[in-house]
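Chemist: Following this line is my_file_23.txt, made up of compact mmCIF, C-alpha atoms:
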```txt
# COMPACT_ATOMS: atom_id res chain seq x y z
CA MET A 1 -23.79 -3.12 -3.27
CA SER A 2 -22.01 -1.81 -0.23
CA SER A 3 -22.88 1.77 0.62
CA LYS A 4 -19.42 2.44 1.97
CA ARG A 5 -17.33 4.89 0.03
CA THR A 6 -14.57 3.84 -2.38
CA THR A 7 -11.66 6.04 -3.42
CA ILE A 8 -9.38 5.52 -6.40
CA PHE A 9 -6.14 7.39 -5.77
CA VAL A 10 -4.33 8.24 -9.01
CA CYS A 11 -0.68 9.30 -8.86
CA VAL A 12 -0.16 12.50 -10.83
CA SER A 13 3.62 12.55 -10.21
CA CYS A 14 4.27 9.36 -12.21
CA LYS A 15 6.52 10.08 -15.20
CA LEU A 16 6.61 8.17 -18.48
CA ALA A 17 9.47 8.66 -20.94
CA ILE A 18 8.20 9.69 -24.36
CA ASP A 19 11.43 9.93 -26.34
CA GLY A 20 12.97 6.53 -25.62
CA HIS A 21 15.99 8.08 -23.92
CA GLY A 22 14.45 9.35 -20.71
CA ASN A 23 15.19 12.94 -21.64
CA ASP A 24 11.58 13.90 -22.19
CA PHE A 25 8.53 12.62 -20.38
CA GLU A 26 4.86 13.10 -19.74
CA LYS A 27 2.80 12.86 -16.56
CA PRO A 28 -0.37 11.04 -17.63
CA GLY A 29 -1.94 10.81 -14.15
CA ARG A 30 -4.35 13.72 -14.53
CA GLU A 31 -5.53 12.48 -17.92
CA LEU A 32 -6.04 9.04 -16.39
CA ALA A 33 -7.97 10.41 -13.41
CA ALA A 34 -10.27 12.41 -15.69
CA ALA A 35 -10.85 9.45 -18.01
CA VAL A 36 -11.72 7.09 -15.13
CA ASP A 37 -14.06 9.71 -13.72
CA ASP A 38 -15.77 10.01 -17.11
CA HIS A 39 -16.30 6.26 -17.30
CA LEU A 40 -17.70 6.13 -13.76
CA ARG A 41 -20.15 8.93 -14.55
CA GLY A 42 -21.10 7.22 -17.80
CA ALA A 43 -21.82 4.02 -15.88
CA GLY A 44 -23.89 5.91 -13.31
CA ALA A 45 -21.62 4.63 -10.54
CA SER A 46 -22.13 6.30 -7.17
CA GLY A 47 -20.03 6.39 -4.03
CA ILE A 48 -16.77 6.10 -5.95
CA GLU A 49 -14.38 9.05 -5.98
CA VAL A 50 -11.30 9.53 -8.17
CA ARG A 51 -8.71 11.53 -6.29
CA PRO A 52 -5.31 12.72 -7.58
CA VAL A 53 -2.34 12.20 -5.28
CA GLU A 54 1.15 13.62 -5.68
CA CYS A 55 3.23 10.46 -5.15
CA LEU A 56 2.55 6.84 -4.23
CA SER A 57 6.31 5.99 -4.19
CA VAL A 58 6.04 3.41 -6.98
CA CYS A 59 7.99 5.51 -9.47
CA LYS A 60 9.26 2.53 -11.50
CA ARG A 61 5.77 1.31 -12.43
CA ALA A 62 3.99 4.41 -13.78
CA CYS A 63 1.11 5.07 -13.68
CA THR A 64 0.18 3.83 -10.25
CA ILE A 65 -3.28 3.83 -8.69
CA ALA A 66 -4.78 2.57 -5.42
CA PHE A 67 -8.24 1.22 -4.66
CA THR A 68 -9.25 2.00 -1.08
CA GLY A 69 -12.42 1.84 0.99
CA GLN A 70 -13.62 1.60 4.57
CA ASN A 71 -12.99 -1.85 6.08
CA LYS A 72 -11.55 -3.07 2.78
CA TRP A 73 -8.14 -4.26 1.67
CA THR A 74 -6.25 -1.53 -0.21
CA TYR A 75 -4.80 -2.59 -3.59
CA LEU A 76 -1.93 -0.73 -5.24
CA ILE A 77 -1.72 -1.30 -9.00
CA GLY A 78 1.17 -0.14 -11.21
CA GLY A 79 1.79 -0.04 -14.95
CA VAL A 80 -1.61 1.44 -15.68
CA ASP A 81 -2.07 3.00 -19.14
CA ALA A 82 -4.03 6.23 -19.20
CA LYS A 83 -5.17 5.65 -22.77
CA THR A 84 -6.33 2.03 -22.60
CA HIS A 85 -7.18 1.10 -19.01
CA ALA A 86 -9.61 3.80 -17.86
CA ASP A 87 -12.74 1.79 -18.67
CA GLU A 88 -11.43 -1.36 -16.94
CA ILE A 89 -10.40 0.68 -13.91
CA SER A 90 -13.94 2.05 -13.70
CA VAL A 91 -15.43 -1.46 -13.88
CA THR A 92 -12.92 -2.78 -11.33
CA ALA A 93 -13.69 0.07 -8.94
CA GLN A 94 -17.37 -0.83 -9.08
CA ARG A 95 -16.55 -4.49 -8.30
CA PHE A 96 -14.26 -3.33 -5.48
CA ALA A 97 -17.02 -1.10 -4.10
CA ALA A 98 -19.54 -3.94 -4.28
CA SER A 99 -17.23 -6.41 -2.52
CA GLU A 100 -17.40 -7.03 1.19
CA ASP A 101 -13.67 -6.74 1.89
CA GLY A 102 -12.09 -5.32 -1.27
CA ILE A 103 -10.95 -8.73 -2.51
CA ILE A 104 -12.13 -9.21 -6.10
CA PRO A 105 -12.24 -12.85 -7.29
CA TRP A 106 -9.35 -13.69 -9.63
CA LYS A 107 -11.58 -14.41 -12.65
CA GLU A 108 -13.18 -10.97 -12.30
CA ARG A 109 -9.84 -9.17 -12.33
CA PRO A 110 -8.87 -7.66 -15.70
CA LEU A 111 -5.33 -8.15 -16.97
CA PHE A 112 -4.08 -4.72 -15.86
CA PHE A 113 -5.02 -5.71 -12.30
CA ARG A 114 -3.62 -9.23 -12.40
CA LYS A 115 -0.29 -8.05 -13.78
CA GLY A 116 -0.05 -4.79 -11.91
CA VAL A 117 -0.40 -5.58 -8.20
CA ILE A 118 2.37 -3.76 -6.34
CA ALA A 119 1.08 -4.52 -2.87
CA ARG A 120 -2.04 -4.78 -0.75
CA VAL A 121 -2.77 -3.65 2.81
CA PRO A 122 -5.45 -5.04 5.09
CA PRO A 123 -8.09 -2.86 6.71
CA GLU A 124 -7.85 -1.87 10.36
CA THR A 125 -10.56 -4.46 11.07
CA TYR A 126 -8.39 -7.31 9.73
CA ARG A 127 -7.39 -10.20 11.94
CA ILE A 128 -5.48 -13.20 10.65
CA THR A 129 -7.65 -16.31 10.35
CA GLU A 130 -6.82 -19.68 11.81
CA LYS A 131 -6.78 -21.10 8.30
CA ALA A 132 -3.94 -18.77 7.36
CA GLU A 133 -1.95 -19.63 10.47
CA MET B 1 2.51 12.03 20.84
CA SER B 2 -0.64 11.37 18.91
CA SER B 3 -3.12 9.19 20.79
CA LYS B 4 -4.33 7.58 17.58
CA ARG B 5 -3.59 3.92 17.18
CA THR B 6 -0.76 2.62 15.01
CA THR B 7 -0.61 -0.86 13.52
CA ILE B 8 2.46 -2.60 12.10
CA PHE B 9 1.30 -5.35 9.76
CA VAL B 10 3.93 -8.08 9.33
CA CYS B 11 3.61 -10.54 6.47
CA VAL B 12 3.93 -14.11 7.73
CA SER B 13 3.66 -15.62 4.24
CA CYS B 14 6.93 -14.09 2.99
CA LYS B 15 9.42 -16.80 2.06
CA LEU B 16 13.20 -16.52 2.16
CA ALA B 17 15.41 -19.13 0.46
CA ILE B 18 17.87 -20.67 2.91
CA ASP B 19 19.77 -23.08 0.65
CA GLY B 20 20.79 -20.75 -2.16
CA HIS B 21 18.80 -22.74 -4.72
CA GLY B 22 15.25 -21.86 -3.72
CA ASN B 23 14.53 -25.47 -2.79
CA ASP B 24 14.30 -24.81 0.90
CA PHE B 25 13.03 -21.71 2.61
CA GLU B 26 11.96 -20.18 5.89
CA LYS B 27 9.08 -17.86 6.77
CA PRO B 28 10.61 -15.35 9.19
CA GLY B 29 7.51 -13.16 9.57
CA ARG B 30 6.34 -14.56 12.89
CA GLU B 31 9.82 -14.30 14.38
CA LEU B 32 9.99 -10.70 13.14
CA ALA B 33 6.57 -9.82 14.55
CA ALA B 34 7.50 -11.25 17.96
CA ALA B 35 10.87 -9.46 17.98
CA VAL B 36 9.32 -6.08 17.11
CA ASP B 37 6.69 -6.60 19.79
CA ASP B 38 9.44 -7.35 22.33
CA HIS B 39 11.27 -4.14 21.44
CA LEU B 40 8.07 -2.07 21.69
CA ARG B 41 7.34 -3.52 25.13
CA GLY B 42 10.91 -2.91 26.18
CA ALA B 43 10.60 0.72 25.12
CA GLY B 44 7.31 1.10 26.98
CA ALA B 45 5.59 2.13 23.74
CA SER B 46 1.82 2.25 23.91
CA GLY B 47 -0.86 2.42 21.25
CA ILE B 48 1.22 0.43 18.75
CA GLU B 49 0.10 -3.03 17.76
CA VAL B 50 2.06 -5.63 15.78
CA ARG B 51 -0.31 -7.72 13.73
CA PRO B 52 0.55 -10.73 11.51
CA VAL B 53 -1.03 -10.80 8.05
CA GLU B 54 -1.05 -13.67 5.59
CA CYS B 55 0.08 -11.86 2.42
CA LEU B 56 0.85 -8.28 1.42
CA SER B 57 1.49 -9.28 -2.23
CA VAL B 58 5.12 -8.11 -2.21
CA CYS B 59 6.54 -11.62 -2.50
CA LYS B 60 9.79 -10.55 -4.20
CA ARG B 61 10.89 -8.33 -1.30
CA ALA B 62 10.55 -10.54 1.80
CA CYS B 63 9.93 -9.74 4.59
CA THR B 64 7.38 -7.03 4.02
CA ILE B 65 5.73 -4.87 6.67
CA ALA B 66 3.30 -1.94 6.65
CA PHE B 67 2.95 1.01 9.03
CA THR B 68 -0.66 2.17 9.25
CA GLY B 69 -2.67 4.51 11.45
CA GLN B 70 -5.82 6.60 11.48
CA ASN B 71 -5.55 9.67 9.21
CA LYS B 72 -1.97 8.75 8.37
CA TRP B 73 -0.17 7.75 5.18
CA THR B 74 0.40 3.99 5.03
CA TYR B 75 3.98 2.93 4.26
CA LEU B 76 4.83 -0.50 2.84
CA ILE B 77 8.44 -1.54 3.45
CA GLY B 78 10.10 -4.60 1.91
CA GLY B 79 13.42 -6.38 2.40
CA VAL B 80 13.15 -6.31 6.17
CA ASP B 81 15.47 -8.65 8.09
CA ALA B 82 13.91 -10.40 11.06
CA LYS B 83 17.26 -10.75 12.80
CA THR B 84 18.67 -7.24 12.44
CA HIS B 85 15.83 -4.74 11.88
CA ALA B 86 13.40 -5.40 14.73
CA ASP B 87 14.79 -2.65 16.97
CA GLU B 88 14.79 -0.05 14.18
CA ILE B 89 11.24 -1.04 13.21
CA SER B 90 10.17 -0.46 16.80
CA VAL B 91 11.80 2.99 16.86
CA THR B 92 10.34 3.87 13.46
CA ALA B 93 6.86 2.81 14.56
CA GLN B 94 7.10 5.15 17.54
CA ARG B 95 8.13 8.03 15.23
CA PHE B 96 5.28 7.11 12.88
CA ALA B 97 2.82 7.08 15.79
CA ALA B 98 4.08 10.45 17.03
CA SER B 99 3.80 12.07 13.59
CA GLU B 100 0.78 14.02 12.50
CA ASP B 101 0.33 12.36 9.11
CA GLY B 102 2.61 9.30 9.08
CA ILE B 103 5.34 11.08 7.13
CA ILE B 104 8.66 10.68 8.96
CA PRO B 105 11.36 13.22 8.02
CA TRP B 106 14.03 11.70 5.77
CA LYS B 107 16.86 12.19 8.27
CA GLU B 108 14.89 10.26 10.89
CA ARG B 109 14.36 7.27 8.61
CA PRO B 110 16.73 4.35 9.22
CA LEU B 111 18.35 2.66 6.23
CA PHE B 112 15.89 -0.26 6.11
CA PHE B 113 13.11 2.30 5.63
CA ARG B 114 14.91 4.48 3.08
CA LYS B 115 15.86 1.49 0.94
CA GLY B 116 12.73 -0.56 1.44
CA VAL B 117 9.77 1.63 0.48
CA ILE B 118 7.52 -0.41 -1.82
CA ALA B 119 4.67 2.09 -1.89
CA ARG B 120 2.66 4.50 0.22
CA VAL B 121 -1.05 5.27 0.34
CA PRO B 122 -2.66 8.46 1.60
CA PRO B 123 -5.29 8.50 4.32
CA GLU B 124 -8.96 8.96 3.49
CA THR B 125 -8.62 12.54 4.75
CA TYR B 126 -5.98 13.36 2.11
CA ARG B 127 -6.57 16.08 -0.46
CA ILE B 128 -3.89 17.15 -2.93
CA THR B 129 -2.37 20.53 -2.11
CA GLU B 130 -2.10 23.44 -4.51
CA LYS B 131 1.68 23.25 -4.14
CA ALA B 132 1.68 19.75 -5.58
CA GLU B 133 -0.52 20.75 -8.51
```
In structure tokens, what does this structure look like?
Modeler:
Amino acid sequence: MSSKRTTIFVCVSCKLAIDGHGNDFEKPGRELAAAVDDHLRGAGASGIEVRPVECLSVCKRACTIAFTGQNKWTYLIGGVDAKTHADEISVTAQRFAASEDGIIPWKERPLFFRKGVIARVPPETYRITEKAE
Amino acid sequence: MSSKRTTIFVCVSCKLAIDGHGNDFEKPGRELAAAVDDHLRGAGASGIEVRPVECLSVCKRACTIAFTGQNKWTYLIGGVDAKTHADEISVTAQRFAASEDGIIPWKERPLFFRKGVIARVPPETYRITEKAE
């Protein structure tokens, strides 16, 4: 496993309507961050930090999280459910941390990840390959 | 101006339909990257690099670009027009480079930026402030 540090940013500004009319809402980001942290501790994962952030500007796809790490692609994932996805986020973060470049093979990506990708950003070390030209 | 390096990633995989039926398309990313680079050179901007990237996973909002820099928020912007936005992207990149944290004041953001934000990601140095709690 790579020894480089991984951070999971969790948006705590994301709002979810809870009355069906958009008049009342909850902000499940802090609950999600705590649940992911619990799962990581339970798994004995090291070098992975869960960090709350006030807005990732993906307000239409609450909750939103981002997987980041040194010399790795950053992945932004929306539509995350605080109640059902915390365990899978923990497992995915460990796969992300273990990867060389942050790119997790498709078959190892859980459904929340496959369906939720908002965007990705290459690391500073990235250079386009001839193959992609 | 900050001496830290700024990178503008430009997606060269982004497809735009050119026949109205989605049967034929162009990939304007390389043209956009070259045009932004021309404007930066024309402005004598230093420390800002335009770098093609094969996919930023924002395929529904072509073209997509990302402003990144050390210890700065990363901004992903979609719906960028290769023919009309290159100059504004160059100016915005210089404001981004000159900023402390990558956050450009709203009134200094051109329309392509205001309308195009897909997401943002904090720098590794980010910690949530008490105010945002």
Chemist: Would you compute the distance between atom CA of A:Glu49 and atom CA of B:Val117? Give it in Å to one decimal.
Modeler: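 Atom-to-atom, atom CA of A:Glu49 and atom CA of B:Val117 are spaced 26.1 Å apart.
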Chemist: Counting all atoms listed in the file, collect the residues of chain B whose closest atom lies at most 9 Å from chain A, and write them out as a compact mmCIF listing (two decimals) with C-alpha atoms, in the frame of the given file.
Modeler:
```txt
# COMPACT_ATOMS: atom_id res chain seq x y z
CA THR B 7 -0.61 -0.86 13.52
CA PHE B 9 1.30 -5.35 9.76
CA VAL B 12 3.93 -14.11 7.73
CA SER B 13 3.66 -15.62 4.24
CA ARG B 51 -0.31 -7.72 13.73
CA PRO B 52 0.55 -10.73 11.51
CA VAL B 53 -1.03 -10.80 8.05
CA GLU B 54 -1.05 -13.67 5.59
CA CYS B 55 0.08 -11.86 2.42
CA LEU B 56 0.85 -8.28 1.42
CA SER B 57 1.49 -9.28 -2.23
CA VAL B 58 5.12 -8.11 -2.21
CA CYS B 59 6.54 -11.62 -2.50
CA ALA B 66 3.30 -1.94 6.65
CA THR B 68 -0.66 2.17 9.25
CA GLY B 69 -2.67 4.51 11.45
CA GLN B 70 -5.82 6.60 11.48
CA THR B 74 0.40 3.99 5.03
CA LEU B 76 4.83 -0.50 2.84
CA VAL B 117 9.77 1.63 0.48
CA ILE B 118 7.52 -0.41 -1.82
CA ALA B 119 4.67 2.09 -1.89
CA ARG B 120 2.66 4.50 0.22
CA VAL B 121 -1.05 5.27 0.34
CA PRO B 122 -2.66 8.46 1.60
CA GLU B 124 -8.96 8.96 3.49
CA TYR B 126 -5.98 13.36 2.11
CA ARG B 127 -6.57 16.08 -0.46
CA ILE B 128 -3.89 17.15 -2.93
CA THR B 129 -2.37 20.53 -2.11
CA ALA B 132 1.68 19.75 -5.58
CA GLU B 133 -0.52 20.75 -8.51
```
Chemist: Write out as a ChimeraX atom specification the residues lying within 12 Å of stretch 33-38 of chain B, counting all atoms listed in the file and excluding same-chain residues fewer than 3 positions away.
Modeler: /B:7-12,27-30,41-53,63-66,80-94
Chemist: Would you list the contacts of A:Arg95 as an NGL selection string, taking every protein, DNA or RNA residue within 10 Å and counting all atoms listed in the file, but skipping same-chain residues closer than 3 positions in sequence?
Modeler: :A and (1 or 89-92 or 98-100 or 102-105 or 108-109)
Chemist: Expressed in Å to a single decimal, how great is the separation between atom CA of B:Gly116 and atom CA of B:His39?
Modeler: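 Distance reported for this atom pair: 20.4 Å.
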Chemist: Kindly complete stretch 84-97 of chain A to N, CA, C and O atoms; the output should be written as a PDB file, in the frame of the given file.
Modeler:
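Written file, part_4.pdb:
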```pdb
ATOM      1  N   THR A  84      -5.607   3.277 -22.330  1.00  0.00           N
ATOM      2  CA  THR A  84      -6.330   2.030 -22.600  1.00  0.00           C
ATOM      3  C   THR A  84      -7.009   1.385 -21.387  1.00  0.00           C
ATOM      4  O   THR A  84      -7.847   0.502 -21.560  1.00  0.00           O
ATOM      5  N   HIS A  85      -6.663   1.815 -20.182  1.00  0.00           N
ATOM      6  CA  HIS A  85      -7.180   1.100 -19.010  1.00  0.00           C
ATOM      7  C   HIS A  85      -8.293   1.814 -18.241  1.00  0.00           C
ATOM      8  O   HIS A  85      -8.806   1.268 -17.265  1.00  0.00           O
ATOM      9  N   ALA A  86      -8.660   3.016 -18.655  1.00  0.00           N
ATOM     10  CA  ALA A  86      -9.610   3.800 -17.860  1.00  0.00           C
ATOM     11  C   ALA A  86     -10.947   3.082 -17.678  1.00  0.00           C
ATOM     12  O   ALA A  86     -11.521   3.072 -16.580  1.00  0.00           O
ATOM     13  N   ASP A  87     -11.446   2.471 -18.757  1.00  0.00           N
ATOM     14  CA  ASP A  87     -12.740   1.790 -18.670  1.00  0.00           C
ATOM     15  C   ASP A  87     -12.649   0.601 -17.698  1.00  0.00           C
ATOM     16  O   ASP A  87     -13.514   0.423 -16.827  1.00  0.00           O
ATOM     17  N   GLU A  88     -11.591  -0.200 -17.838  1.00  0.00           N
ATOM     18  CA  GLU A  88     -11.430  -1.360 -16.940  1.00  0.00           C
ATOM     19  C   GLU A  88     -11.237  -0.928 -15.487  1.00  0.00           C
ATOM     20  O   GLU A  88     -11.678  -1.628 -14.567  1.00  0.00           O
ATOM     21  N   ILE A  89     -10.584   0.181 -15.288  1.00  0.00           N
ATOM     22  CA  ILE A  89     -10.400   0.680 -13.910  1.00  0.00           C
ATOM     23  C   ILE A  89     -11.762   1.056 -13.322  1.00  0.00           C
ATOM     24  O   ILE A  89     -12.066   0.768 -12.163  1.00  0.00           O
ATOM     25  N   SER A  90     -12.588   1.682 -14.145  1.00  0.00           N
ATOM     26  CA  SER A  90     -13.940   2.050 -13.700  1.00  0.00           C
ATOM     27  C   SER A  90     -14.738   0.812 -13.309  1.00  0.00           C
ATOM     28  O   SER A  90     -15.377   0.771 -12.248  1.00  0.00           O
ATOM     29  N   VAL A  91     -14.699  -0.219 -14.162  1.00  0.00           N
ATOM     30  CA  VAL A  91     -15.430  -1.460 -13.880  1.00  0.00           C
ATOM     31  C   VAL A  91     -14.890  -2.131 -12.618  1.00  0.00           C
ATOM     32  O   VAL A  91     -15.640  -2.599 -11.756  1.00  0.00           O
ATOM     33  N   THR A  92     -13.554  -2.153 -12.496  1.00  0.00           N
ATOM     34  CA  THR A  92     -12.920  -2.780 -11.330  1.00  0.00           C
ATOM     35  C   THR A  92     -13.281  -2.037 -10.049  1.00  0.00           C
ATOM     36  O   THR A  92     -13.526  -2.658  -9.007  1.00  0.00           O
ATOM     37  N   ALA A  93     -13.331  -0.722 -10.121  1.00  0.00           N
ATOM     38  CA  ALA A  93     -13.690   0.070  -8.940  1.00  0.00           C
ATOM     39  C   ALA A  93     -15.114  -0.246  -8.489  1.00  0.00           C
ATOM     40  O   ALA A  93     -15.399  -0.298  -7.287  1.00  0.00           O
ATOM     41  N   GLN A  94     -15.988  -0.483  -9.446  1.00  0.00           N
ATOM     42  CA  GLN A  94     -17.370  -0.830  -9.080  1.00  0.00           C
ATOM     43  C   GLN A  94     -17.423  -2.215  -8.427  1.00  0.00           C
ATOM     44  O   GLN A  94     -18.187  -2.429  -7.482  1.00  0.00           O
ATOM     45  N   ARG A  95     -16.613  -3.154  -8.930  1.00  0.00           N
ATOM     46  CA  ARG A  95     -16.550  -4.490  -8.300  1.00  0.00           C
ATOM     47  C   ARG A  95     -15.939  -4.386  -6.900  1.00  0.00           C
ATOM     48  O   ARG A  95     -16.379  -5.046  -5.962  1.00  0.00           O
ATOM     49  N   PHE A  96     -14.903  -3.565  -6.788  1.00  0.00           N
ATOM     50  CA  PHE A  96     -14.260  -3.330  -5.480  1.00  0.00           C
ATOM     51  C   PHE A  96     -15.282  -2.748  -4.501  1.00  0.00           C
ATOM     52  O   PHE A  96     -15.409  -3.209  -3.361  1.00  0.00           O
ATOM     53  N   ALA A  97     -16.029  -1.751  -4.966  1.00  0.00           N
ATOM     54  CA  ALA A  97     -17.020  -1.100  -4.100  1.00  0.00           C
ATOM     55  C   ALA A  97     -18.109  -2.085  -3.670  1.00  0.00           C
ATOM     56  O   ALA A  97     -18.601  -2.021  -2.541  1.00  0.00           O
TER      57      ALA A  97
END
```
